[in-house]
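File shown: run.csv. Contents: CSV, C-alpha atoms.
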chain,number,residue,atom,x,y,z
D,1,MET,CA,106.3,116.8,65.9
D,2,LYS,CA,103.1,117.9,67.7
D,3,HIS,CA,101.4,115.1,69.5
D,4,VAL,CA,98.2,115.4,67.5
D,5,LEU,CA,100.2,114.8,64.3
D,6,LYS,CA,101.7,111.7,65.9
D,7,LEU,CA,98.2,110.4,66.6
D,8,PHE,CA,97.1,111.3,63.1
D,9,SER,CA,100.1,109.4,61.5
D,10,LEU,CA,99.2,106.4,63.6
D,11,LEU,CA,95.6,106.6,62.3
D,12,VAL,CA,96.9,106.9,58.7
D,13,VAL,CA,99.0,103.8,59.1
D,14,ILE,CA,96.1,101.8,60.6
D,15,SER,CA,93.8,103.0,57.8
D,16,ALA,CA,96.4,102.0,55.2
D,17,LEU,CA,96.5,98.6,56.7
D,18,TRP,CA,92.7,98.4,56.6
D,19,ILE,CA,92.5,99.4,53.0
D,20,GLY,CA,95.2,96.9,52.2
D,21,LEU,CA,93.2,94.2,53.8
D,22,LEU,CA,90.1,95.2,51.9
D,23,GLN,CA,91.9,95.0,48.6
D,24,ALA,CA,93.9,91.8,49.3
D,25,SER,CA,90.7,89.9,50.3
D,26,ILE,CA,92.5,87.6,52.7
D,27,ILE,CA,89.5,88.0,55.0
D,28,PRO,CA,85.9,88.1,53.5
D,29,GLN,CA,85.1,91.7,52.5
D,30,SER,CA,82.0,91.7,54.7
D,31,HIS,CA,84.1,91.2,57.8
D,32,THR,CA,86.8,93.6,56.7
D,33,TRP,CA,84.3,96.5,56.4
D,34,LEU,CA,83.4,96.0,60.0
D,35,LEU,CA,86.9,96.1,61.3
D,36,PRO,CA,87.0,99.8,62.1
D,37,ILE,CA,83.9,99.4,64.2
D,38,TYR,CA,85.4,96.4,66.1
D,39,PHE,CA,88.5,98.5,66.7
D,40,ILE,CA,86.6,101.5,68.1
D,41,VAL,CA,84.4,99.3,70.3
D,42,SER,CA,87.4,97.4,71.6
D,43,LEU,CA,89.2,100.7,72.3
D,44,GLY,CA,86.1,101.9,74.2
D,45,CYS,CA,85.9,98.7,76.2
D,46,TYR,CA,89.5,98.8,77.0
D,47,GLY,CA,89.2,102.4,78.2
D,48,LEU,CA,86.2,101.5,80.4
D,49,LEU,CA,88.1,98.5,81.8
D,50,MET,CA,91.1,100.7,82.7
D,51,VAL,CA,88.8,103.2,84.5
D,52,GLY,CA,87.0,100.4,86.3
D,53,VAL,CA,90.1,98.6,87.4
D,54,GLY,CA,91.8,101.8,88.4
D,55,LEU,CA,88.7,102.8,90.4
D,56,MET,CA,88.7,99.4,92.3
D,57,ARG,CA,92.4,99.7,93.0
D,58,PHE,CA,92.4,103.4,93.8
D,59,PRO,CA,95.0,103.9,96.5
D,60,THR,CA,93.5,105.4,99.6
D,61,CYS,CA,95.2,106.4,102.8
D,62,PRO,CA,92.7,106.9,105.7
D,63,GLN,CA,95.5,106.8,108.2
D,64,GLU,CA,97.1,109.9,106.7
D,65,ALA,CA,94.2,112.1,107.9
D,66,LEU,CA,94.9,110.9,111.4
D,67,LEU,CA,98.6,111.4,111.1
D,68,LEU,CA,98.0,114.9,109.7
D,69,GLN,CA,95.9,115.8,112.7
D,70,GLN,CA,98.7,114.7,115.0
D,71,ASP,CA,101.2,116.8,113.0
D,72,ILE,CA,98.9,119.8,113.2
D,73,ALA,CA,98.6,119.4,117.0
D,74,GLU,CA,102.4,119.1,117.4
D,75,ALA,CA,103.0,122.1,115.1
D,76,LYS,CA,100.4,124.3,117.0
D,77,ASP,CA,102.0,123.5,120.4
D,78,PHE,CA,105.5,124.3,119.2
D,79,LEU,CA,104.5,127.5,117.5
D,80,LYS,CA,102.3,128.8,120.3
D,81,GLN,CA,105.3,128.3,122.7
D,82,LYS,CA,107.4,130.4,120.4
D,83,GLY,CA,105.0,133.2,120.1
D,84,VAL,CA,103.5,132.6,116.6
D,85,ASP,CA,99.8,133.3,116.4
D,86,VAL,CA,98.1,130.0,115.6
D,87,GLY,CA,94.6,130.9,116.5
D,88,SER,CA,92.1,129.2,114.2
D,89,ASP,CA,90.7,131.2,111.3
F,90,MET,CA,126.4,116.4,92.0
F,91,ASP,CA,127.9,117.0,95.4
F,92,ALA,CA,125.0,116.6,97.8
F,93,ALA,CA,126.5,119.0,100.3
F,94,LYS,CA,126.3,121.9,98.0
F,95,ASN,CA,122.6,121.7,96.9
F,96,LYS,CA,120.2,124.3,98.0
F,97,TYR,CA,116.5,123.9,97.7
F,98,SER,CA,114.1,126.8,97.2
F,99,ILE,CA,110.6,125.8,98.2
F,100,ILE,CA,108.0,128.1,96.6
F,101,VAL,CA,104.7,128.2,98.4
F,102,PRO,CA,102.0,130.3,96.8
F,103,THR,CA,99.4,131.4,99.4
F,104,TYR,CA,96.0,133.0,99.5
F,105,ASN,CA,94.3,133.1,102.9
F,106,GLU,CA,96.4,130.5,104.5
F,107,ARG,CA,97.0,132.2,107.8
F,108,LEU,CA,97.0,129.0,109.8
F,109,ASN,CA,98.3,126.5,107.3
F,110,ILE,CA,101.4,128.5,106.4
F,111,ALA,CA,102.6,128.4,110.0
F,112,LEU,CA,101.9,124.6,110.2
F,113,ILE,CA,103.6,123.9,106.9
F,114,VAL,CA,106.7,125.9,107.7
F,115,TYR,CA,107.1,124.0,111.0
F,116,LEU,CA,106.7,120.7,109.2
F,117,ILE,CA,109.2,121.6,106.5
F,118,PHE,CA,111.8,122.5,109.1
F,119,LYS,CA,111.0,119.3,111.0
F,120,HIS,CA,111.5,117.1,108.0
F,121,LEU,CA,114.6,118.8,106.4
F,122,PRO,CA,117.0,119.1,109.4
F,123,ASP,CA,120.1,118.5,107.3
F,124,GLU,CA,119.3,120.3,104.1
F,125,ASP,CA,120.1,123.8,102.9
F,126,PHE,CA,116.8,125.3,101.9
F,127,GLU,CA,114.7,128.5,101.9
F,128,ILE,CA,110.9,128.9,101.8
F,129,ILE,CA,109.6,131.5,99.4
F,130,VAL,CA,106.1,132.5,100.3
F,131,VAL,CA,104.3,134.2,97.4
F,132,ASP,CA,101.2,135.7,99.0
F,133,ASP,CA,98.6,137.4,96.8
F,134,GLY,CA,97.5,140.1,99.2
F,135,SER,CA,95.6,137.8,101.5
F,136,PRO,CA,93.0,139.7,103.6
F,137,ASP,CA,93.2,137.3,106.5
F,138,GLY,CA,96.7,138.4,107.7
F,139,THR,CA,98.7,135.6,106.2
F,140,GLN,CA,101.7,138.0,105.7
F,141,GLU,CA,101.6,139.0,109.4
F,142,ILE,CA,102.0,135.3,110.3
F,143,VAL,CA,104.9,134.9,107.9
F,144,LYS,CA,106.6,137.8,109.5
F,145,GLN,CA,106.3,136.1,112.9
F,146,LEU,CA,107.7,133.0,111.4
F,147,GLN,CA,110.6,135.0,109.9
F,148,LYS,CA,111.4,136.2,113.5
F,149,LEU,CA,111.5,132.6,114.6
F,150,TYR,CA,113.3,130.9,111.8
F,151,GLY,CA,115.3,133.7,110.2
F,152,GLU,CA,114.7,136.0,107.2
F,153,ASP,CA,117.3,134.1,105.2
F,154,ARG,CA,115.3,130.9,105.6
F,155,ILE,CA,111.8,132.3,105.0
F,156,LEU,CA,111.4,134.8,102.2
F,157,LEU,CA,108.2,136.8,102.0
F,158,ARG,CA,107.7,138.0,98.4
F,159,PRO,CA,104.1,139.1,98.2
F,160,ARG,CA,102.0,140.5,95.3
F,161,ALA,CA,99.2,143.0,95.4
F,162,LYS,CA,96.3,140.7,94.5
F,163,LYS,CA,95.4,137.2,93.2
F,164,LEU,CA,97.3,136.9,90.0
F,165,GLY,CA,97.4,133.2,89.3
F,166,LEU,CA,99.6,130.2,90.1
F,167,GLY,CA,101.9,130.3,87.0
F,168,THR,CA,102.9,133.9,87.6
F,169,ALA,CA,103.3,133.1,91.3
F,170,TYR,CA,105.9,130.5,90.5
F,171,ILE,CA,107.7,132.9,88.1
F,172,HIS,CA,107.7,135.6,90.8
F,173,GLY,CA,109.0,133.1,93.3
F,174,LEU,CA,111.7,131.9,90.9
F,175,LYS,CA,113.1,135.4,90.6
F,176,HIS,CA,114.0,135.3,94.3
F,177,ALA,CA,115.2,131.7,94.4
F,178,SER,CA,118.8,131.3,95.3
F,179,GLY,CA,118.8,127.5,95.3
F,180,ASN,CA,119.8,125.2,92.4
F,181,PHE,CA,116.7,123.2,93.0
F,182,VAL,CA,113.1,124.4,93.3
F,183,VAL,CA,110.2,122.7,95.0
F,184,ILE,CA,106.7,123.7,94.4
F,185,MET,CA,103.9,122.7,96.8
F,186,ASP,CA,100.5,123.8,98.0
F,187,ALA,CA,100.1,125.6,101.2
F,188,ASP,CA,96.9,123.9,102.4
F,189,LEU,CA,98.5,120.8,103.8
F,190,SER,CA,97.3,118.5,101.0
F,191,HIS,CA,101.0,118.2,100.3
F,192,HIS,CA,102.8,116.9,103.3
F,193,PRO,CA,106.4,118.1,103.8
F,194,LYS,CA,107.4,114.7,105.1
F,195,TYR,CA,107.8,113.6,101.5
F,196,LEU,CA,110.4,116.3,100.8
F,197,PRO,CA,113.3,113.9,101.7
F,198,SER,CA,112.0,111.3,99.3
F,199,PHE,CA,111.9,113.8,96.5
F,200,ILE,CA,115.5,114.9,97.3
F,201,GLN,CA,116.7,111.3,97.6
F,202,LYS,CA,115.2,110.3,94.3
F,203,GLN,CA,116.8,113.2,92.5
F,204,LEU,CA,120.2,112.4,94.0
F,205,GLU,CA,119.9,108.7,93.1
F,206,THR,CA,118.8,109.2,89.5
F,207,GLY,CA,120.1,112.7,88.6
F,208,ALA,CA,116.6,113.5,87.3
F,209,SER,CA,115.7,117.0,86.2
F,210,ILE,CA,112.2,116.7,87.6
F,211,VAL,CA,110.8,114.6,90.4
F,212,THR,CA,107.0,114.6,90.5
F,213,GLY,CA,104.8,113.3,93.3
F,214,THR,CA,102.1,110.8,92.2
F,215,ARG,CA,99.0,110.0,94.2
F,216,TYR,CA,98.0,107.1,91.9
F,217,VAL,CA,100.6,104.4,92.6
F,218,THR,CA,101.1,101.9,95.4
F,219,GLY,CA,102.6,103.7,98.3
F,220,GLY,CA,100.7,106.9,97.4
F,221,GLY,CA,97.0,107.6,97.8
F,222,VAL,CA,94.2,110.0,98.4
F,223,HIS,CA,92.0,110.6,101.4
F,224,GLY,CA,88.8,112.6,101.4
F,225,TRP,CA,87.5,111.8,98.0
F,226,ASN,CA,84.1,110.3,97.5
F,227,LEU,CA,83.4,107.7,94.8
F,228,MET,CA,82.3,110.3,92.2
F,229,ARG,CA,85.5,112.2,92.7
F,230,LYS,CA,87.6,109.1,92.3
F,231,LEU,CA,85.7,108.2,89.2
F,232,THR,CA,86.2,111.5,87.5
F,233,SER,CA,89.9,111.5,88.5
F,234,ARG,CA,90.4,108.0,87.1
F,235,GLY,CA,88.4,108.7,83.9
F,236,ALA,CA,90.4,111.9,83.4
F,237,ASN,CA,93.6,110.1,83.9
F,238,VAL,CA,92.8,107.3,81.5
F,239,LEU,CA,91.7,109.9,78.9
F,240,ALA,CA,94.9,111.9,79.3
F,241,GLN,CA,97.1,108.8,79.2
F,242,THR,CA,95.4,107.6,76.0
F,243,LEU,CA,95.5,111.0,74.2
F,244,LEU,CA,98.8,112.5,75.4
F,245,TRP,CA,101.2,109.6,76.3
F,246,PRO,CA,102.6,111.9,79.0
F,247,GLY,CA,105.1,109.6,80.6
F,248,VAL,CA,103.9,110.3,84.1
F,249,SER,CA,101.1,108.7,86.1
F,250,ASP,CA,99.8,111.9,87.8
F,251,LEU,CA,99.4,114.8,85.5
F,252,THR,CA,97.6,117.4,87.6
F,253,GLY,CA,99.7,117.0,90.7
F,254,SER,CA,101.5,120.1,91.9
F,255,PHE,CA,104.0,118.7,94.3
F,256,ARG,CA,107.2,118.7,92.4
F,257,LEU,CA,111.0,119.2,92.5
F,258,TYR,CA,112.7,120.8,89.6
F,259,LYS,CA,116.2,121.6,88.7
F,260,LYS,CA,116.0,125.4,88.7
F,261,SER,CA,117.3,125.8,85.2
F,262,VAL,CA,114.7,123.2,83.9
F,263,LEU,CA,111.9,125.0,85.6
F,264,GLU,CA,112.9,128.3,84.2
F,265,ASP,CA,113.1,126.8,80.7
F,266,VAL,CA,109.7,125.0,80.9
F,267,ILE,CA,107.7,127.7,82.6
F,268,SER,CA,108.6,130.2,79.9
F,269,SER,CA,106.6,128.2,77.3
F,270,CYS,CA,103.5,127.5,79.4
F,271,VAL,CA,100.4,129.7,79.1
F,272,SER,CA,97.6,127.7,80.7
F,273,LYS,CA,95.9,128.5,84.0
F,274,GLY,CA,95.0,126.4,87.1
F,275,TYR,CA,95.6,122.7,87.1
F,276,VAL,CA,95.9,122.6,83.3
F,277,PHE,CA,99.0,124.7,83.9
F,278,GLN,CA,100.5,121.8,86.0
F,279,MET,CA,99.6,119.4,83.1
F,280,GLU,CA,101.2,121.7,80.5
F,281,MET,CA,104.4,122.0,82.5
F,282,ILE,CA,104.9,118.2,82.9
F,283,VAL,CA,103.9,117.4,79.3
F,284,ARG,CA,106.2,120.1,77.8
F,285,ALA,CA,109.0,118.8,80.0
F,286,SER,CA,108.3,115.3,78.9
F,287,ARG,CA,108.3,116.3,75.2
F,288,LYS,CA,111.6,118.1,75.6
F,289,GLY,CA,113.1,114.9,76.8
F,290,CYS,CA,113.6,115.9,80.4
F,291,HIS,CA,114.5,113.0,82.8
F,292,ILE,CA,111.4,112.8,85.0
F,293,GLU,CA,111.1,110.5,88.0
F,294,GLU,CA,108.1,109.9,90.3
F,295,VAL,CA,107.7,109.3,94.0
F,296,PRO,CA,104.5,108.2,95.7
F,297,ILE,CA,102.8,110.8,97.8
F,298,THR,CA,99.7,110.8,99.9
F,299,PHE,CA,97.2,113.6,99.4
F,300,VAL,CA,94.7,114.6,102.1
F,301,ASP,CA,92.2,116.7,100.5
F,302,ARG,CA,91.6,120.2,102.0
F,303,VAL,CA,91.9,119.6,105.7
F,304,PHE,CA,89.7,122.6,106.4
F,305,GLY,CA,87.2,122.4,103.7
F,306,SER,CA,86.2,120.3,100.6
F,307,SER,CA,86.9,120.8,97.0
F,308,LYS,CA,84.2,120.5,94.4
F,309,LEU,CA,84.5,119.3,90.8
F,310,GLY,CA,81.7,120.7,88.6
F,311,GLY,CA,80.7,120.6,85.0
F,312,SER,CA,82.8,123.7,84.1
F,313,GLU,CA,85.9,122.1,85.5
F,314,ILE,CA,85.3,119.0,83.3
F,315,VAL,CA,84.9,121.3,80.2
F,316,GLU,CA,88.1,123.2,81.1
F,317,TYR,CA,89.9,119.9,81.5
F,318,LEU,CA,88.8,118.6,78.1
F,319,LYS,CA,89.8,121.9,76.5
F,320,GLY,CA,93.1,121.6,78.2
F,321,LEU,CA,93.7,118.1,76.8
F,322,VAL,CA,92.9,119.2,73.2
F,323,TYR,CA,95.2,122.3,73.6
F,324,LEU,CA,98.0,120.0,74.8
F,325,MET,CA,97.5,117.6,72.0
F,326,ILE,CA,97.7,120.3,69.4
F,327,THR,CA,100.6,122.4,70.9
F,328,THR,CA,103.0,119.9,72.4
Would you write the structure of this file as structure tokens?
Amino acid sequence: MKHVLKLFSLLVVISALWIGLLQASIIPQSHTWLLPIYFIVSLGCYGLLMVGVGLMRFPTCPQEALLLQQDIAEAKDFLKQKGVDVGSD
Amino acid sequence: MDAAKNKYSIIVPTYNERLNIALIVYLIFKHLPDEDFEIIVVDDGSPDGTQEIVKQLQKLYGEDRILLRPRAKKLGLGTAYIHGLKHASGNFVVIMDADLSHHPKYLPSFIQKQLETGASIVTGTRYVTGGGVHGWNLMRKLTSRGANVLAQTLLWPGVSDLTGSFRLYKKSVLEDVISSCVSKGYVFQMEMIVRASRKGCHIEEVPITFVDRVFGSSKLGGSEIVEYLKGLVYLMITT
């Protein structure tokens, strides 16, 4: 099943639940009508939260740049000795 | 699988990587002293003499270890992999960038992970503890994180780093997946891993560090964002 169809089926199930709630009147109708909006807003907030948390915890590796420079120097030395042209471009 | 009989074909597409290709070959040989491997350089007619350097490297390391399989001009990454695959004699294929953003020191961890788990694909991820990125400003990190959250929500891909291109594949799996991918650029990388995930391939991840463009800086503009969004929609509909 294509992924978009999976998402669509999920949406259909959620909508069916919502319509069921509307008809069963367990919760006052006025609240039930607003549920989709609450859902979308919560989804949006969750997304923003995930982006924010991810950004704060974004793994960085400043030491890697230094290690890389060392590796490059080591590589250049070796290759120069062996006759490979490592002049800078 | 008997570890002693595995051979790794490392495909490195190049364009104007005269200096980097020499450095990366040295580092690969340094970090894989005990493995049977070959490096397949797919150069797209670089005007800076990359192929000359590769020939010098072949004299040093052997033509059976470094294969130069060039093409006439820039023809795209996907076709570069396909071209490299035709000449690969290993049972495993590694794809990596030539610009040193992917460090060969992680090759042993890819191989180890595959041997431990029997995975069909081992993909490098920059976004977990133990991995990381250097050289990105706040804006770049924000777009990366936003793009990732969007992709996770819409696609449920099963991997943490979708656009990464440092991966180890079983050769048969790569051949199978690549034949059904049509996208270009980094969306191509996403398409490969998502299609593999949908097919039920066993995919494992290893943390990698990514130092962005040692000799330059990459930009991320509005058109790239549009391409990305189009890519997401395409993948939602077709996978």
Shell of 12 Å around Leu7 in chain D, all atoms listed in the file, local chain residues under 6 positions omitted, as a list in words: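 Final neighbour list, sorted by chain and number: Met1, Val13 and Ile14 of chain D; Thr242, Leu243, Leu244, Trp245, Met325 and Ile326 of chain F.
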Could you check how far CA of Ile267 in chain F sits from CA of Met281 in chain F, in Å to one decimal?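 Those two atoms sit 6.6 Å apart.
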Mind listing as a count of residues only which residues of chain F are within 7 Å of chain D, counting only C-alpha atoms? 25
How would you write as a PyMOL selection string the residues that get within 10 Å of (115.1, 112.9, 94.1) in the file's frame, counting all atoms listed in the file? chain F and resi 196-212+256-258+292-295
Residue list as number ranges by chain for point (116.3, 123.1, 98.2), cut-off 12 Å, only C-alpha atoms: F: 92-100, 117-118, 121-129, 154, 177-184, 196-197, 199-201, 203, 256-260
